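The block underneath contains the structure these notes are about, expressed in structure tokens.
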Number of protein chains: 2
Amino acid sequence: MRKVAVIGVGMTKFGLLFERDLSSMAVEAGSLAINDAGIEKKDVEVLYGGTMSGGLFSNQEHTGSLLADRMGLNVPSVRVEAACASGGLALRQGYIDIASGMHDIAVVGGVEKMTDTLNTTKVLATAADVEREAVFGATFPGLYAMMAKLHMHRYGTTEVQMADVSVKNHANAVHNKSAHFQKEISVDDVMRSQKIADPLKILDASPISDGAAALVLASEEKARELCDTPVWIAGSGHATDTISLHDREDITTLKATVAAAKQAYGQAHLTSKDIDVAEVHDCFTIAELMAIEDLGFVKKGASGKFTSEGNTKVGGKIPINPSGGLKAKGHPIGASGVAQAIEAVLQLRGDAGKRNTGAHTALTHNVGGSGGTAIVHIFKR
Amino acid sequence: MRKVAVIGVGMTKFGLLFERDLSSMAVEAGSLAINDAGIEKKDVEVLYGGTMSGGLFSNQEHTGSLLADRMGLNVPSVRVEAACASGGLALRQGYIDIASGMHDIAVVGGVEKMTDTLNTTKVLATAADVEREAVFGATFPGLYAMMAKLHMHRYGTTEVQMADVSVKNHANAVHNKSAHFQKEISVDDVMRSQKIADPLKILDASPISDGAAALVLASEEKARELCDTPVWIAGSGHATDTISLHDREDITTLKATVAAAKQAYGQAHLTSKDIDVAEVHDCFTIAELMAIEDLGFVKKGASGKFTSEGNTKVGGKIPINPSGGLKAKGHPIGASGVAQAIEAVLQLRGDAGKRNTGAHTALTHNVGGSGGTAIVHIFKR
């Protein structure tokens, strides 16, 4: 397999963008990434795009063709879908394409238009096992609440420790102009916010956002020719687990995360100790706690204390979600996995402003549903 | 890029399978393909699955995770979507994966559950440009009817010539136990059938079907180790065009088909003259006529006469759609592109019974929407 680098990044602001549609956001992000790479549209050979539900959110499938058209690019265009991991999957498939030698330059993007629809919770439930979970009333807050309850029972994790995740991610997002929320919150704010599924409160949850994010990937030869600051994809992992929570032996860990991380670490010849900064899938605060355990940054069960001690802040032992994470940067589903990679690239380039961590090695972790899919990438300068 | 072979095939019967759901059909096809390859489930390293609209048809996204789970396979699982070309796209992405060296054995499948929903025409319209075509009332019969009208006007193509496509494909499907319709029809039947969008009649159109199809792909080393009759993927092409018909210079040709064919022929070092048999995307009879022109089997405008002279029958100069095609074998959208590849494999193995053409080289051609996407593969013994 050939080496692959990220040579350009671009994203829209994330948020409640009532004036924007799916394609205008995707075109903006793609165009910004192309400009950032210093290439021209005609240099792009293939597109990969992650979108969870063009069909249910926007009545539009066949988004590969649509977005190639709107970009003015008559190139092969591949839509992939893995619920909330659609963006990470687009990155992985674009990576495999360039690594294979099929193409030399790809634009990889993710987009979701979530507002202006009346049934967001119902659409999100299509990421679960519809026949065996959703029809019985399971929602994503409910599924993650069960994980949180058992994590609290087994390891003594507290609601305040979960709130600390949210407070940290909001503090980080203050320095991110693309973030849905550029606003600090306090532990008190989280604790007093509306319960959505005990023990989770609304401020434990990532928001419903619109947005798009894109990367330009290039083969080693093209990257060295075109770019002074290529960021290399050192490892890529992708794993699945049972789509239903009730089929798992242990719901305080995501086996798919553990497996995907093992693949990525193995390919990169690195361990969790070598990672300087990570963007993890904090769709709920408990998800970030479980992720930093499953990725090996902290022992199982110790994530709550580790977080409350400040180890995951910018400047801490292992900064987690310096971008603000899904919680505060926002979570336009298909875009999130790509936006994580953008933060990794900005961190490794030293272009993250007040969020800079001086990292040499970054990891991204994107989850579909309640852990039915996990995708992990490792990036190096 | 490494060489890739098809070493196993399997499909459900196509038809109105009211008793079946998405996952049971996918599992059946996948299991049959694994058995046909003579491998075990544990040998499968990755899944690729094409589905157009799990969301709108079945309220189920995240089908990659779902189907891996239902198969009992905790391996990376990639859902791709390109409307009616979703199956062809799954094949192409599985091919790129194995060619890259990422994995050695993949199951590639396609599935669609189209019955048991109340709004099939509306769901199908999401393959068009929703904002610029569908909201103005354009349906797929309407879009293809416009192509047919201009083809008739410009080249003298007749309704009877189009009917001959349908009659031929139904005759072929009589010998295909998996086909939705195992029933001959006459030109008179077609001509007297209900008009759906002038000049197209209901018997010019492929049916709404349920079904699934799957292939096992292997790297050269694994294929030679496991299989006595590998069928090699000699070329793969994928192209896009404007998603809307009204943006094209000429609607009697699909530019995406021409471009994808050029890629596939180039990679295989072959021309249209070297192809012995082809499965083309006959969603409507006019689509088959345009396809055999765009693929280079007959001069532009001459396809109607060529077909009526019997050149595309089994035993003719270039047998087209010996399986019965989308028209008579059925068109469960995500499955169709994979089922085309199954027919190519059966033809090259000599396992197609009364449909055998003795072919050494086969081509498959899968279209998304009204030609926004086209995917072409070339197979060799």
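Here, A, B, ... name the chains of the structure tokens in the order displayed, residue numbers run from 1 inside each chain, and ligands are numbered from 1 in the same displayed order.
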
* Can you list, as number ranges by chain, every residue of stretch 142-380 of chain A that DSSP puts in alpha helix (DSSP H)? -> A: 142-155, 159-173, 187-192, 220-226, 255-268, 285-294, 303-308, 325-329, 333-349

Superimposed copy of chain B on chain A by least squares over C-alpha atoms, as a CSV table (one decimal) with C-alpha atoms, in the first residue's frame:
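Final output, saved to superposed-v3.csv:
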```
chain,number,residue,atom,x,y,z
B,1,MET,CA,0.0,0.0,0.0
B,2,ARG,CA,1.2,3.5,-0.8
B,3,LYS,CA,1.7,6.3,1.8
B,4,VAL,CA,-1.1,8.8,1.9
B,5,ALA,CA,-1.1,12.4,3.2
B,6,VAL,CA,-3.7,15.1,4.0
B,7,ILE,CA,-2.7,18.2,2.1
B,8,GLY,CA,-5.7,20.4,2.5
B,9,VAL,CA,-8.6,21.0,4.9
B,10,GLY,CA,-11.8,23.0,4.9
B,11,MET,CA,-15.1,23.2,6.8
B,12,THR,CA,-18.2,25.3,7.2
B,13,LYS,CA,-19.2,26.7,10.5
B,14,PHE,CA,-21.2,24.1,12.4
B,15,GLY,CA,-24.5,25.1,13.9
B,16,LEU,CA,-28.2,25.7,13.2
B,17,LEU,CA,-27.8,26.8,9.6
B,18,PHE,CA,-31.4,27.2,8.6
B,19,GLU,CA,-30.4,29.1,5.5
B,20,ARG,CA,-28.1,26.4,4.2
B,21,ASP,CA,-28.8,23.1,2.3
B,22,LEU,CA,-26.8,19.9,2.0
B,23,SER,CA,-25.1,20.7,-1.2
B,24,SER,CA,-24.2,24.3,-0.5
B,25,MET,CA,-22.4,23.2,2.7
B,26,ALA,CA,-20.6,20.4,1.0
B,27,VAL,CA,-19.5,22.6,-1.9
B,28,GLU,CA,-18.2,25.2,0.6
B,29,ALA,CA,-16.2,22.7,2.6
B,30,GLY,CA,-14.8,21.0,-0.5
B,31,SER,CA,-13.8,24.3,-2.1
B,32,LEU,CA,-12.1,25.5,1.0
B,33,ALA,CA,-10.1,22.2,1.2
B,34,ILE,CA,-9.1,22.5,-2.4
B,35,ASN,CA,-8.0,26.1,-1.9
B,36,ASP,CA,-6.1,25.1,1.3
B,37,ALA,CA,-4.2,22.4,-0.6
B,38,GLY,CA,-3.2,25.0,-3.3
B,39,ILE,CA,-4.5,22.7,-6.1
B,40,GLU,CA,-7.2,23.3,-8.7
B,41,LYS,CA,-10.5,21.6,-9.1
B,42,LYS,CA,-9.2,19.9,-12.2
B,43,ASP,CA,-6.5,18.1,-10.1
B,44,VAL,CA,-9.2,16.2,-8.1
B,45,GLU,CA,-9.5,12.6,-9.4
B,46,VAL,CA,-12.1,11.2,-7.1
B,47,LEU,CA,-14.6,12.2,-4.3
B,48,TYR,CA,-15.6,10.3,-1.2
B,49,GLY,CA,-18.5,11.6,0.9
B,50,GLY,CA,-20.0,10.5,4.1
B,51,THR,CA,-23.7,11.3,4.8
B,52,MET,CA,-25.9,9.4,7.2
B,53,SER,CA,-29.3,10.0,5.9
B,54,GLY,CA,-29.7,12.2,2.9
B,55,GLY,CA,-32.9,10.3,2.3
B,56,LEU,CA,-34.7,10.8,5.6
B,57,PHE,CA,-33.3,14.2,6.4
B,58,SER,CA,-33.4,15.8,3.0
B,59,ASN,CA,-35.3,13.4,0.7
B,60,GLN,CA,-32.1,13.1,-1.4
B,61,GLU,CA,-30.1,9.9,-2.0
B,62,HIS,CA,-27.5,9.6,-4.8
B,63,THR,CA,-25.5,12.3,-3.1
B,64,GLY,CA,-22.3,11.1,-4.7
B,65,SER,CA,-23.5,12.2,-8.1
B,66,LEU,CA,-25.3,15.3,-6.7
B,67,LEU,CA,-22.3,16.7,-4.9
B,68,ALA,CA,-19.9,15.9,-7.8
B,69,ASP,CA,-22.3,17.8,-10.0
B,70,ARG,CA,-22.6,20.8,-7.6
B,71,MET,CA,-18.8,20.9,-7.3
B,72,GLY,CA,-18.5,21.0,-11.0
B,73,LEU,CA,-16.4,17.8,-10.9
B,74,ASN,CA,-17.3,14.9,-13.2
B,75,VAL,CA,-15.2,12.4,-11.4
B,76,PRO,CA,-16.0,9.1,-9.7
B,77,SER,CA,-17.9,10.0,-6.5
B,78,VAL,CA,-18.6,7.5,-3.7
B,79,ARG,CA,-21.1,8.0,-1.0
B,80,VAL,CA,-20.5,5.9,2.1
B,81,GLU,CA,-22.7,5.6,5.2
B,82,ALA,CA,-22.0,4.2,8.7
B,83,ALA,CA,-24.4,6.4,10.8
B,84,CYS,CA,-22.4,8.8,12.9
B,85,ALA,CA,-19.1,7.3,11.6
B,86,SER,CA,-20.0,8.1,8.0
B,87,GLY,CA,-17.3,10.8,7.9
B,88,GLY,CA,-14.6,8.6,9.3
B,89,LEU,CA,-15.6,5.9,6.9
B,90,ALA,CA,-15.3,8.3,3.9
B,91,LEU,CA,-11.8,9.2,5.1
B,92,ARG,CA,-10.9,5.5,5.4
B,93,GLN,CA,-12.2,4.6,2.0
B,94,GLY,CA,-10.5,7.6,0.4
B,95,TYR,CA,-7.3,6.5,2.1
B,96,ILE,CA,-7.6,2.9,0.7
B,97,ASP,CA,-8.3,4.3,-2.8
B,98,ILE,CA,-5.2,6.5,-2.8
B,99,ALA,CA,-3.1,3.8,-1.1
B,100,SER,CA,-4.2,1.3,-3.8
B,101,GLY,CA,-2.8,3.3,-6.6
B,102,MET,CA,-6.3,3.8,-8.2
B,103,HIS,CA,-6.1,7.6,-7.9
B,104,ASP,CA,-3.5,10.2,-6.7
B,105,ILE,CA,-5.7,13.0,-5.4
B,106,ALA,CA,-9.0,12.7,-3.6
B,107,VAL,CA,-11.4,15.1,-1.9
B,108,VAL,CA,-12.9,13.3,1.2
B,109,GLY,CA,-15.9,15.0,2.8
B,110,GLY,CA,-18.7,14.6,5.2
B,111,VAL,CA,-22.0,16.6,5.4
B,112,GLU,CA,-25.3,16.5,7.2
B,113,LYS,CA,-28.3,18.7,7.0
B,114,MET,CA,-30.2,17.9,10.3
B,115,THR,CA,-32.3,21.0,10.9
B,116,ASP,CA,-35.5,21.8,8.9
B,117,THR,CA,-36.8,18.3,9.5
B,118,LEU,CA,-39.6,17.3,12.0
B,119,ASN,CA,-38.4,13.9,13.0
B,120,THR,CA,-34.7,14.1,13.9
B,121,THR,CA,-34.9,11.7,16.8
B,122,LYS,CA,-36.7,9.1,14.6
B,123,VAL,CA,-34.1,9.5,11.9
B,124,LEU,CA,-31.3,9.1,14.4
B,125,ALA,CA,-32.9,5.9,15.7
B,126,THR,CA,-32.3,4.4,12.2
B,127,ALA,CA,-28.6,4.1,13.3
B,128,ALA,CA,-29.7,1.5,15.9
B,129,ASP,CA,-31.2,-1.9,15.3
B,130,VAL,CA,-34.6,-0.8,14.2
B,131,GLU,CA,-36.3,-4.1,14.5
B,132,ARG,CA,-34.8,-5.0,17.9
B,133,GLU,CA,-34.1,-1.7,19.6
B,134,ALA,CA,-35.8,1.3,18.1
B,135,VAL,CA,-39.3,-0.2,17.7
B,136,PHE,CA,-39.2,-0.9,21.4
B,137,GLY,CA,-38.6,2.7,22.2
B,138,ALA,CA,-34.8,2.8,22.5
B,139,THR,CA,-33.3,6.2,21.6
B,140,PHE,CA,-29.7,7.1,21.6
B,141,PRO,CA,-29.8,9.1,24.8
B,142,GLY,CA,-31.5,6.0,26.3
B,143,LEU,CA,-28.8,3.6,25.0
B,144,TYR,CA,-25.9,5.8,26.2
B,145,ALA,CA,-27.7,6.4,29.6
B,146,MET,CA,-27.6,2.6,30.1
B,147,MET,CA,-23.8,2.6,29.5
B,148,ALA,CA,-23.4,5.5,31.9
B,149,LYS,CA,-25.5,3.8,34.6
B,150,LEU,CA,-23.4,0.6,34.5
B,151,HIS,CA,-20.1,2.6,34.3
B,152,MET,CA,-21.2,4.6,37.4
B,153,HIS,CA,-22.2,1.4,39.2
B,154,ARG,CA,-19.1,-0.6,38.4
B,155,TYR,CA,-16.4,2.0,38.5
B,156,GLY,CA,-17.8,4.8,40.7
B,157,THR,CA,-17.9,7.3,37.9
B,158,THR,CA,-20.0,10.3,38.8
B,159,GLU,CA,-22.3,12.7,37.1
B,160,VAL,CA,-19.9,15.6,38.0
B,161,GLN,CA,-17.1,13.7,36.3
B,162,MET,CA,-19.2,13.4,33.2
B,163,ALA,CA,-20.1,17.1,33.5
B,164,ASP,CA,-16.3,17.9,33.5
B,165,VAL,CA,-16.1,16.4,30.0
B,166,SER,CA,-18.7,18.8,28.8
B,167,VAL,CA,-17.2,21.8,30.6
B,168,LYS,CA,-13.7,21.1,29.1
B,169,ASN,CA,-15.0,20.6,25.6
B,170,HIS,CA,-17.0,23.9,25.8
B,171,ALA,CA,-13.9,25.7,27.1
B,172,ASN,CA,-11.9,24.4,24.1
B,173,ALA,CA,-14.6,25.4,21.6
B,174,VAL,CA,-14.4,29.0,22.7
B,175,HIS,CA,-11.2,29.2,20.6
B,176,ASN,CA,-12.7,27.4,17.6
B,177,LYS,CA,-14.5,29.8,15.2
B,178,SER,CA,-16.2,26.9,13.4
B,179,ALA,CA,-17.8,25.5,16.5
B,180,HIS,CA,-21.5,25.3,17.0
B,181,PHE,CA,-21.1,26.7,20.6
B,182,GLN,CA,-18.3,29.2,21.4
B,183,LYS,CA,-19.4,29.5,24.9
B,184,GLU,CA,-18.1,28.3,28.3
B,185,ILE,CA,-20.4,26.4,30.6
B,186,SER,CA,-20.0,25.4,34.3
B,187,VAL,CA,-20.4,22.0,36.1
B,188,ASP,CA,-23.5,23.6,37.7
B,189,ASP,CA,-24.9,24.4,34.3
B,190,VAL,CA,-24.6,20.8,33.3
B,191,MET,CA,-26.0,19.4,36.6
B,192,ARG,CA,-29.0,21.7,36.5
B,193,SER,CA,-29.8,21.1,32.8
B,194,GLN,CA,-32.8,19.1,31.7
B,195,LYS,CA,-32.6,15.3,32.2
B,196,ILE,CA,-33.0,13.6,28.9
B,197,ALA,CA,-32.3,10.0,30.0
B,198,ASP,CA,-31.2,9.5,33.6
B,199,PRO,CA,-28.3,10.1,34.4
B,200,LEU,CA,-27.7,12.1,31.1
B,201,LYS,CA,-28.7,15.7,30.9
B,202,ILE,CA,-29.1,17.8,27.8
B,203,LEU,CA,-25.7,19.3,28.5
B,204,ASP,CA,-24.1,15.8,28.4
B,205,ALA,CA,-25.3,15.5,24.8
B,206,SER,CA,-23.9,16.7,21.6
B,207,PRO,CA,-26.2,19.0,19.7
B,208,ILE,CA,-28.1,18.6,16.4
B,209,SER,CA,-26.1,20.6,13.9
B,210,ASP,CA,-25.8,21.4,10.2
B,211,GLY,CA,-22.3,21.4,8.6
B,212,ALA,CA,-19.8,20.0,6.3
B,213,ALA,CA,-16.1,19.2,6.4
B,214,ALA,CA,-13.6,18.2,3.8
B,215,LEU,CA,-10.0,17.0,3.3
B,216,VAL,CA,-7.7,16.7,0.3
B,217,LEU,CA,-5.8,13.4,0.3
B,218,ALA,CA,-2.7,12.8,-1.9
B,219,SER,CA,-0.3,10.0,-2.7
B,220,GLU,CA,3.2,10.4,-1.3
B,221,GLU,CA,4.6,11.5,-4.7
B,222,LYS,CA,1.9,14.1,-5.1
B,223,ALA,CA,2.0,15.2,-1.5
B,224,ARG,CA,5.7,15.9,-1.6
B,225,GLU,CA,5.3,17.8,-4.9
B,226,LEU,CA,2.3,19.9,-3.8
B,227,CYS,CA,2.7,20.5,-0.1
B,228,ASP,CA,5.2,21.7,2.4
B,229,THR,CA,3.3,20.5,5.4
B,230,PRO,CA,1.8,17.1,4.5
B,231,VAL,CA,0.2,15.3,7.4
B,232,TRP,CA,0.6,11.5,7.0
B,233,ILE,CA,-2.0,8.9,7.7
B,234,ALA,CA,0.1,6.4,9.7
B,235,GLY,CA,-2.7,4.0,10.6
B,236,SER,CA,-6.3,3.3,9.8
B,237,GLY,CA,-8.6,0.9,11.7
B,238,HIS,CA,-12.3,0.0,11.1
B,239,ALA,CA,-14.3,-2.5,13.1
B,240,THR,CA,-17.9,-3.5,13.8
B,241,ASP,CA,-19.6,-5.0,16.8
B,242,THR,CA,-23.2,-6.1,17.3
B,243,ILE,CA,-25.4,-3.2,16.3
B,244,SER,CA,-27.7,-3.8,19.4
B,245,LEU,CA,-26.5,-3.0,22.9
B,246,HIS,CA,-28.4,-5.9,24.4
B,247,ASP,CA,-26.2,-8.4,22.4
B,248,ARG,CA,-22.9,-7.3,24.1
B,249,GLU,CA,-21.1,-9.0,27.0
B,250,ASP,CA,-20.1,-5.7,28.4
B,251,ILE,CA,-21.7,-2.3,27.7
B,252,THR,CA,-19.0,-0.2,29.5
B,253,THR,CA,-16.6,-0.8,26.6
B,254,LEU,CA,-17.0,-0.5,22.9
B,255,LYS,CA,-15.4,-3.6,21.4
B,256,ALA,CA,-15.4,-2.0,18.0
B,257,THR,CA,-13.3,0.9,19.4
B,258,VAL,CA,-10.8,-1.5,20.9
B,259,ALA,CA,-10.5,-3.5,17.7
B,260,ALA,CA,-10.2,-0.5,15.4
B,261,ALA,CA,-7.6,1.1,17.6
B,262,LYS,CA,-5.6,-2.2,17.6
B,263,GLN,CA,-5.5,-2.1,13.8
B,264,ALA,CA,-4.5,1.5,13.6
B,265,TYR,CA,-1.8,1.3,16.3
B,266,GLY,CA,-0.5,-1.9,14.7
B,267,GLN,CA,-0.3,-0.3,11.2
B,268,ALA,CA,1.4,2.8,12.6
B,269,HIS,CA,3.8,0.8,14.9
B,270,LEU,CA,2.7,2.9,17.8
B,271,THR,CA,0.9,2.5,21.1
B,272,SER,CA,-1.5,4.7,23.0
B,273,LYS,CA,1.6,6.2,24.8
B,274,ASP,CA,2.8,7.7,21.6
B,275,ILE,CA,-0.3,9.7,20.9
B,276,ASP,CA,0.0,13.4,21.7
B,277,VAL,CA,-3.6,14.6,21.1
B,278,ALA,CA,-6.9,12.9,20.2
B,279,GLU,CA,-10.3,13.8,18.9
B,280,VAL,CA,-12.7,11.2,20.2
B,281,HIS,CA,-16.4,10.5,19.6
B,282,ASP,CA,-18.1,12.4,22.5
B,283,CYS,CA,-21.7,12.2,21.3
B,284,PHE,CA,-22.5,12.0,25.0
B,285,THR,CA,-20.0,12.7,27.8
B,286,ILE,CA,-20.0,9.1,28.9
B,287,ALA,CA,-18.9,8.2,25.4
B,288,GLU,CA,-15.7,10.3,25.8
B,289,LEU,CA,-14.9,8.6,29.1
B,290,MET,CA,-15.4,5.2,27.6
B,291,ALA,CA,-13.4,6.2,24.5
B,292,ILE,CA,-10.3,7.3,26.4
B,293,GLU,CA,-10.3,3.9,28.2
B,294,ASP,CA,-10.9,1.8,25.1
B,295,LEU,CA,-8.2,3.7,23.2
B,296,GLY,CA,-5.7,2.9,26.0
B,297,PHE,CA,-5.1,6.5,27.3
B,298,VAL,CA,-6.3,5.5,30.8
B,299,LYS,CA,-7.1,2.3,32.7
B,300,LYS,CA,-10.6,0.9,32.4
B,301,GLY,CA,-12.8,2.7,35.0
B,302,ALA,CA,-10.4,5.5,35.7
B,303,SER,CA,-11.5,7.9,33.0
B,304,GLY,CA,-13.8,10.0,35.3
B,305,LYS,CA,-11.1,10.8,37.9
B,306,PHE,CA,-8.5,11.3,35.1
B,307,THR,CA,-10.7,13.8,33.4
B,308,SER,CA,-11.7,15.7,36.6
B,309,GLU,CA,-8.0,16.0,37.4
B,310,GLY,CA,-7.5,18.0,34.2
B,311,ASN,CA,-5.4,15.5,32.3
B,312,THR,CA,-7.4,15.8,29.1
B,313,LYS,CA,-7.4,19.6,28.9
B,314,VAL,CA,-5.2,21.4,26.4
B,315,GLY,CA,-1.9,21.4,28.3
B,316,GLY,CA,-2.8,18.2,30.2
B,317,LYS,CA,-1.2,14.8,29.8
B,318,ILE,CA,-3.3,13.8,26.7
B,319,PRO,CA,-5.5,16.6,25.4
B,320,ILE,CA,-8.8,15.2,24.3
B,321,ASN,CA,-11.1,17.0,21.9
B,322,PRO,CA,-9.2,20.4,21.7
B,323,SER,CA,-11.6,21.3,18.9
B,324,GLY,CA,-14.5,21.3,21.3
B,325,GLY,CA,-15.5,17.7,20.3
B,326,LEU,CA,-18.9,16.7,19.1
B,327,LYS,CA,-20.3,18.2,22.3
B,328,ALA,CA,-19.3,21.8,21.6
B,329,LYS,CA,-18.0,22.0,18.1
B,330,GLY,CA,-21.3,20.4,17.0
B,331,HIS,CA,-22.3,17.0,15.5
B,332,PRO,CA,-23.6,17.2,11.9
B,333,ILE,CA,-23.4,13.5,11.7
B,334,GLY,CA,-21.7,12.7,8.4
B,335,ALA,CA,-19.3,15.6,8.9
B,336,SER,CA,-18.0,14.8,12.4
B,337,GLY,CA,-15.5,12.1,11.5
B,338,VAL,CA,-14.0,14.4,8.8
B,339,ALA,CA,-13.9,17.4,11.2
B,340,GLN,CA,-12.0,15.3,13.7
B,341,ALA,CA,-9.3,14.7,11.1
B,342,ILE,CA,-9.2,18.5,10.3
B,343,GLU,CA,-8.5,19.2,14.0
B,344,ALA,CA,-5.7,16.5,13.9
B,345,VAL,CA,-4.2,18.2,10.8
B,346,LEU,CA,-4.4,21.7,12.3
B,347,GLN,CA,-2.8,20.4,15.6
B,348,LEU,CA,0.1,18.7,13.7
B,349,ARG,CA,0.6,21.7,11.5
B,350,GLY,CA,0.5,24.0,14.5
B,351,ASP,CA,-2.3,25.9,13.0
B,352,ALA,CA,-4.9,25.5,15.8
B,353,GLY,CA,-4.2,28.9,17.4
B,354,LYS,CA,-5.0,28.9,21.1
B,355,ARG,CA,-5.9,25.3,20.9
B,356,ASN,CA,-2.4,24.2,19.7
B,357,THR,CA,-0.9,21.3,21.7
B,358,GLY,CA,2.4,21.0,19.9
B,359,ALA,CA,1.5,17.5,18.9
B,360,HIS,CA,3.6,15.3,16.6
B,361,THR,CA,1.1,12.4,16.6
B,362,ALA,CA,-2.7,12.7,16.6
B,363,LEU,CA,-5.5,10.1,16.8
B,364,THR,CA,-9.2,10.4,15.7
B,365,HIS,CA,-12.0,8.1,16.8
B,366,ASN,CA,-15.4,8.1,15.2
B,367,VAL,CA,-18.3,5.9,16.3
B,368,GLY,CA,-21.4,4.8,14.5
B,369,GLY,CA,-24.6,4.3,16.5
B,370,SER,CA,-24.0,2.9,20.0
B,371,GLY,CA,-20.7,1.3,18.8
B,372,GLY,CA,-21.8,-0.9,16.0
B,373,THR,CA,-19.1,0.8,14.0
B,374,ALA,CA,-15.8,2.4,15.1
B,375,ILE,CA,-13.1,4.0,13.0
B,376,VAL,CA,-9.7,5.1,14.2
B,377,HIS,CA,-7.0,7.0,12.3
B,378,ILE,CA,-3.5,8.0,13.4
B,379,PHE,CA,-1.8,11.0,11.9
B,380,LYS,CA,1.8,12.1,11.9
B,381,ARG,CA,3.7,15.2,10.8
```

* Among stretch 120-347 of chain A, which ones does DSSP place in strand (DSSP E or B), written as JSON, numbers by chain? -> {"A": [195, 196, 197, 200, 201, 205, 210, 211, 212, 213, 214, 215, 216, 217, 218, 219, 231, 232, 233, 234, 235, 236, 237, 238, 239, 240, 277, 278, 279, 284, 320]}
